[in-house]
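Working notes, beginning with the structure itself.
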Amino acid sequence: MTSKLVTTSIKNTSRFFLHPQHILASSCRQRQSISLVQHRWRTSTSSTTLVPDEQHICLEHVACDNNSVVSILTLNRPKANAMGSVMLQQLQDSIENLESSKSDDASETRCVVLTSYSPKVFSAGADLKERATMTQVEASAFVTSLRNTLDRVARLPFPVVAAIEGVAVGGGLELALAADIRIAGQNAVMGLPETSLAIIPGAGGTQRLPRLIGAARAKELIFTGRRIDATTAAEYGLVQHVVDAGKAEDKALEIAKQIAKNGPLAIRAAKSAIDEGLEADNMANALFVERHHYQRIVPTSDRLEGLAAFREGRTPVYKG
């Protein structure tokens with residue numbers, strides 16, 4: 001497969017997109033601000049030829065100043081990023097790319113930013129028009145696939161930071177819940193309205209939301225279908241930062257860049273220790289999990305590099 005390099009300049013920052021031949025250059029929306037980005041290139045994750053309106057997921061990689069990579073996964077389906085079969089398949093393809101240690105583009109990824117092309121909507125959840133055409137068996141299979149896909153997002157070995165602008169409801173909020181850290185623009189609105197459609201959240205919402213904000217608050221939001229604004233979401237602990245509308249991705253990239261400069265093996269071990277420890281049935285077992293992951297890090301060259309850099313008063317260069 002042949003590739004060509006396309007360069008555009010925005011606010012004195014160069015973006016480099018690597019376009020495999022079957023991906024059109026206009027297929028993902030161009031962002032207004034990329035002040036934290038040095039170089040970007042795009043990975044094709046689809047095995048089929050796409051026209052712009054059919055590329056619902058865009059995966060790009062940002063080269064940071066310490067030679068690490070932050071990957072940006074953008075929801076790109078006008079008008080509401082409604083999750084249909086094509087979008088779900090492309091999300092699965094992108095996750096597979098990120099999971100694969102054999103991918104040249106993803107092998108150095110140290111953090112993922114999950115965002116939307118639109119300042120008005122993160123994702124409105126399931127494509128209800130498509131859902132209405134499905135049989136009961138097909139609808140059940142789709143939800144199972146969505147649930148499994150979002151679980152793969154949660155289980156990515158590196159941190160995922162969700163940048164939420166505008167509406168994030170239903171499956172859209174469930175996708176954000178699969179991230180490790182959530183940033184909301186002031187205009188963000190979040191909720192799980194499924195009970196108003198006589199169903200329940202089926203892609204992790206009934207499990208991840210109460211683990212974040214407590215059972216009582218989660219039950220209220222799910223039982224009533226009530227939507228909450230960014231400020232309330234922060235009060236509940238659903239999001240970690242609220243920023244001006246349109247600035248969520250900038251904040252997410254800032255945090256991702258801070259993560260990317262730290263020891264990548266340590267970051268992965270810390271994520272595993274926290275996630276697995278939370279599932280332990282008692283503190284003794286949770287501490288065993290921590291001890292296991294700590295011992296994995298002790299023999300690494302990155303640990304020695306960190307000690308040497310501290311002793312020599314320089315910035316460490318972690319290899320992972």
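In the structure tokens, the first chain shown is A, the next is B, and so on; residue numbers restart at 1 for each chain, and ligands run from 1 in the order shown.
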If you count only C-alpha atoms, which residues fall within 9 Å of Ala126 of chain A, apart from same-chain ones fewer than 5 positions away, as a VMD selection string? chain A and resid 81 to 84 131 170 to 172
Contacts of segment 242-258 of chain A within 9 Å, only C-alpha atoms, excl. fewer than 2 positions in-chain, as a ChimeraX atom specification: /A:33-37,64,68-70,72,110-116,119-120,159-166,181-188,230-231,233-234,239-240,260-262
Using only C-alpha atoms, determine which residues lie at most 7 Å from Val169 of chain A, disregarding the query and same-chain residues fewer than 4 positions distant; provide the list as number ranges by chain. A: 123-125, 173, 190-192
Step one, run DSSP on the backbone; step two, keep only residues of segment 116-214 of chain A assigned to alpha helix (DSSP H); then write them as a PDB file with C-alpha atoms, in the first residue's frame.
ATOM      1  CA  LEU A 128     -32.466   4.643  17.021  1.00  0.00           C
ATOM      2  CA  LYS A 129     -33.477   4.831  13.356  1.00  0.00           C
ATOM      3  CA  GLU A 130     -31.229   1.885  12.572  1.00  0.00           C
ATOM      4  CA  ARG A 131     -32.333   0.127  15.763  1.00  0.00           C
ATOM      5  CA  ALA A 132     -35.979   0.364  14.633  1.00  0.00           C
ATOM      6  CA  GLN A 136     -35.125  -8.527  18.418  1.00  0.00           C
ATOM      7  CA  VAL A 137     -32.236 -10.917  17.839  1.00  0.00           C
ATOM      8  CA  GLU A 138     -30.286  -8.332  15.835  1.00  0.00           C
ATOM      9  CA  ALA A 139     -30.845  -5.614  18.446  1.00  0.00           C
ATOM     10  CA  SER A 140     -29.665  -7.917  21.237  1.00  0.00           C
ATOM     11  CA  ALA A 141     -26.571  -8.878  19.248  1.00  0.00           C
ATOM     12  CA  PHE A 142     -25.765  -5.219  18.561  1.00  0.00           C
ATOM     13  CA  VAL A 143     -25.982  -4.267  22.247  1.00  0.00           C
ATOM     14  CA  THR A 144     -23.816  -7.246  23.203  1.00  0.00           C
ATOM     15  CA  SER A 145     -21.223  -6.158  20.642  1.00  0.00           C
ATOM     16  CA  LEU A 146     -21.357  -2.568  21.910  1.00  0.00           C
ATOM     17  CA  ARG A 147     -20.960  -3.724  25.516  1.00  0.00           C
ATOM     18  CA  ASN A 148     -17.954  -5.859  24.606  1.00  0.00           C
ATOM     19  CA  THR A 149     -16.423  -3.022  22.590  1.00  0.00           C
ATOM     20  CA  LEU A 150     -16.699  -0.513  25.424  1.00  0.00           C
ATOM     21  CA  ASP A 151     -15.193  -3.076  27.776  1.00  0.00           C
ATOM     22  CA  ARG A 152     -12.221  -3.247  25.400  1.00  0.00           C
ATOM     23  CA  VAL A 153     -11.907   0.549  25.666  1.00  0.00           C
ATOM     24  CA  ALA A 154     -11.858   0.252  29.461  1.00  0.00           C
ATOM     25  CA  GLY A 171     -24.381   4.773  24.775  1.00  0.00           C
ATOM     26  CA  GLY A 172     -22.436   8.009  24.336  1.00  0.00           C
ATOM     27  CA  LEU A 173     -22.136   8.444  28.088  1.00  0.00           C
ATOM     28  CA  GLU A 174     -21.404   4.735  28.473  1.00  0.00           C
ATOM     29  CA  LEU A 175     -18.454   5.210  26.113  1.00  0.00           C
ATOM     30  CA  ALA A 176     -17.188   8.095  28.234  1.00  0.00           C
ATOM     31  CA  LEU A 177     -17.660   5.981  31.370  1.00  0.00           C
ATOM     32  CA  GLY A 205     -23.964   2.077  32.366  1.00  0.00           C
ATOM     33  CA  THR A 206     -25.646   0.227  35.215  1.00  0.00           C
ATOM     34  CA  GLN A 207     -22.260  -0.982  36.463  1.00  0.00           C
ATOM     35  CA  ARG A 208     -19.722   1.767  35.759  1.00  0.00           C
ATOM     36  CA  LEU A 209     -21.881   4.725  36.801  1.00  0.00           C
ATOM     37  CA  PRO A 210     -22.557   3.524  40.385  1.00  0.00           C
ATOM     38  CA  ARG A 211     -18.891   2.657  40.800  1.00  0.00           C
ATOM     39  CA  LEU A 212     -18.071   6.287  39.986  1.00  0.00           C
ATOM     40  CA  ILE A 213     -20.790   8.265  41.755  1.00  0.00           C
TER      41      ILE A 213
END
Rank nothing, just name the residue among A:Val298, A:Val121, A:Ile95, A:Ala216 nearest to Val167 of chain A, using only C-alpha atoms.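 Ranking A:Val298, A:Val121, A:Ile95, A:Ala216 by distance to Val167 of chain A, first place goes to A:Val121.
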DSSP on the backbone, strand (DSSP E or B) only: what residues of segment 31-269 of chain A does that give? Format it as JSON, numbers by chain. {"A": [39, 40, 41, 42, 43, 57, 58, 59, 60, 61, 62, 63, 69, 70, 71, 72, 73, 74, 75, 83, 109, 110, 111, 112, 113, 114, 115, 116, 121, 122, 123, 126, 160, 161, 162, 163, 164, 167, 168, 169, 181, 182, 183, 184, 185, 189, 190, 191, 228, 229, 241, 242, 243]}
To one decimal place in Å, what is the distance between atom CA of Ile274 of chain A and atom CA of Phe158 of chain A?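 These two atoms are separated by 12.4 Å.
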Using atom CA of Ala273 of chain A and atom CA of Thr300 of chain A as the two end points, give the distance in Å to one decimal.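 Separating atom CA of Ala273 of chain A from atom CA of Thr300 of chain A is a distance of 17.0 Å.
Considering only C-alpha atoms, the residue among A:Leu59, A:Ala178, A:Leu278, A:Ala286 positioned nearest to Glu96 of chain A is A:Leu59.
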List as a list of chain:residue names the protein and nucleic acid residues near Val317 of chain A, meaning an atom at most 12 Å away when only C-alpha atoms are counted, but skip any in the same chain fewer than 2 places from it. A:Asp65, A:Asn66, A:Asn67, A:Ser68, A:Ala260, A:Lys261, A:Asn262, A:Gly263, A:Pro264, A:Ser301, A:Asp302, A:Arg303, A:Leu304, A:Glu305, A:Gly306, A:Leu307, A:Ala308, A:Ala309, A:Phe310, A:Arg314, A:Thr315, A:Lys319, A:Gly320
Quick one, how far is atom CA of Leu88 of chain A from atom CA of Arg155 of chain A?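 Separation of atom CA of Leu88 of chain A and atom CA of Arg155 of chain A: 17.0 Å.
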